[in-house]
Structure formats: structure tokens, C-alpha cells
>>> print(open('protein-v6.pdb').read())   # PDB, C-alpha atoms, pLDDT in the B column
ATOM      1  CA  MET A  23      26.226   8.895 -50.280  1.00 57.00           C
ATOM      2  CA  GLY A  24      27.755  12.024 -48.807  1.00 63.00           C
ATOM      3  CA  TYR A  25      30.952  12.490 -46.888  1.00 67.00           C
ATOM      4  CA  GLN A  26      31.146  10.548 -43.646  1.00 65.00           C
ATOM      5  CA  SER A  27      33.469  11.598 -40.861  1.00 66.00           C
ATOM      6  CA  ARG A  28      35.553   8.848 -39.297  1.00 69.00           C
ATOM      7  CA  LYS A  29      36.005  10.686 -35.990  1.00 71.00           C
ATOM      8  CA  ARG A  30      32.411  10.192 -34.899  1.00 76.00           C
ATOM      9  CA  LYS A  31      30.474   6.972 -35.126  1.00 79.00           C
ATOM     10  CA  TYR A  32      27.742   7.117 -37.744  1.00 85.00           C
ATOM     11  CA  VAL A  33      24.246   7.140 -36.257  1.00 86.00           C
ATOM     12  CA  SER A  34      21.371   6.305 -38.555  1.00 90.00           C
ATOM     13  CA  ARG A  35      18.244   8.373 -38.809  1.00 92.00           C
ATOM     14  CA  ARG A  36      16.230   5.663 -37.044  1.00 94.00           C
ATOM     15  CA  GLU A  37      18.681   5.508 -34.106  1.00 92.00           C
ATOM     16  CA  ARG A  38      18.624   9.291 -33.735  1.00 92.00           C
ATOM     17  CA  LEU A  39      14.814   9.248 -33.760  1.00 94.00           C
ATOM     18  CA  GLN A  40      14.753   6.551 -31.076  1.00 94.00           C
ATOM     19  CA  ASN A  41      17.104   8.608 -28.901  1.00 93.00           C
ATOM     20  CA  HIS A  42      14.952  11.712 -29.339  1.00 95.00           C
ATOM     21  CA  PHE A  43      11.773   9.849 -28.473  1.00 96.00           C
ATOM     22  CA  ARG A  44      13.397   8.417 -25.345  1.00 96.00           C
ATOM     23  CA  ASN A  45      14.336  11.950 -24.282  1.00 96.00           C
ATOM     24  CA  TYR A  46      10.850  13.271 -25.068  1.00 97.00           C
ATOM     25  CA  ARG A  47       9.251  10.438 -23.096  1.00 97.00           C
ATOM     26  CA  THR A  48      11.460  11.173 -20.075  1.00 97.00           C
ATOM     27  CA  ILE A  49      10.634  14.883 -20.214  1.00 98.00           C
ATOM     28  CA  PHE A  50       6.926  14.079 -20.576  1.00 98.00           C
ATOM     29  CA  ILE A  51       6.957  11.773 -17.535  1.00 98.00           C
ATOM     30  CA  PHE A  52       8.672  14.365 -15.319  1.00 98.00           C
ATOM     31  CA  ALA A  53       6.374  17.141 -16.567  1.00 98.00           C
ATOM     32  CA  LEU A  54       3.370  14.961 -15.756  1.00 98.00           C
ATOM     33  CA  ILE A  55       4.707  14.299 -12.251  1.00 98.00           C
ATOM     34  CA  ALA A  56       5.281  18.044 -11.746  1.00 98.00           C
ATOM     35  CA  LEU A  57       1.736  18.776 -12.921  1.00 97.00           C
ATOM     36  CA  VAL A  58       0.278  16.238 -10.501  1.00 98.00           C
ATOM     37  CA  VAL A  59       2.288  17.748  -7.631  1.00 98.00           C
ATOM     38  CA  LEU A  60       1.150  21.276  -8.514  1.00 97.00           C
ATOM     39  CA  ILE A  61      -2.485  20.200  -8.719  1.00 96.00           C
ATOM     40  CA  TYR A  62      -2.166  18.428  -5.373  1.00 97.00           C
ATOM     41  CA  LYS A  63      -0.587  21.475  -3.733  1.00 97.00           C
ATOM     42  CA  ASN A  64      -3.279  23.812  -5.072  1.00 96.00           C
ATOM     43  CA  ARG A  65      -6.215  21.448  -4.730  1.00 95.00           C
ATOM     44  CA  TRP A  66      -8.207  23.692  -2.388  1.00 96.00           C
ATOM     45  CA  ALA A  67      -7.787  26.756  -4.568  1.00 95.00           C
ATOM     46  CA  ILE A  68      -8.793  24.743  -7.630  1.00 92.00           C
ATOM     47  CA  TRP A  69     -11.786  23.291  -5.792  1.00 93.00           C
ATOM     48  CA  ASN A  70     -12.924  26.778  -4.697  1.00 94.00           C
ATOM     49  CA  TYR A  71     -12.551  28.051  -8.260  1.00 92.00           C
ATOM     50  CA  VAL A  72     -14.657  25.172  -9.584  1.00 91.00           C
ATOM     51  CA  GLN A  73     -17.322  25.749  -6.934  1.00 91.00           C
ATOM     52  CA  THR A  74     -17.746  29.408  -7.904  1.00 92.00           C
ATOM     53  CA  PHE A  75     -18.662  28.455 -11.463  1.00 85.00           C
ATOM     54  CA  PHE A  76     -20.694  25.269 -11.056  1.00 82.00           C
ATOM     55  CA  TYR A  77     -22.578  25.698  -7.778  1.00 74.00           C
TER      56      TYR A  77
END
>>> encode(input="protein-v6.pdb", output="C-alpha cells")
Amino acid sequence: MGYQSRKRKYVSRRERLQNHFRNYRTIFIFALIALVVLIYKNRWAIWNYVQTFFY
């Protein structure tokens, strides 16, 4: 096993991966909320765009 610093607590690969996935999940949730808000704000423009192509 390689050198291990005593100043910082050792974090295993699994713990680091769990932390990263928690961060990714949080970012994904907020991005999804932002997307829903943007779609809601532009719903009439989106609806008009859809109508021009399908009606």
C-alpha cells in the first residue's frame, strides 16, 4: 500500500463514490426543477411551436 498522509483522514474509494453520487443526485434534482420551471414559463411558445408542425 502506498504512502498515507496522517493530516487528512483516509477516505476509501467507495466513500468517495458515494459522496460524488450524492452531489450528482442533488445537481440532477435542481436541474430538473429548473427545467420544469423553464417549460412552465415558456409553455405558450412551446405550444405554438408544436402546433405549427403537427396541425
>>> atom_distance(input="protein-v6.pdb", atom1="CA of Tyr46 (chain A)", atom2="CA of Val59 (chain A)")
19.9 Å
>>> atom_distance(input="protein-v6.pdb", atom1="CA of Phe75 (chain A)", atom2="CA of Ala53 (chain A)")
27.9 Å
>>> axis_aligned_box(input="protein-v6.pdb", around="region 32-46 of chain A", padding_each_side="6 Å", output="AutoDock Vina command-line options")
--center_x 19.3 --center_y 9.4 --center_z -31.5 --size_x 28.9 --size_y 19.8 --size_z 26.5
>>> atom_distance(input="protein-v6.pdb", atom1="CA of Arg30 (chain A)", atom2="CA of Asn45 (chain A)")
21.0 Å
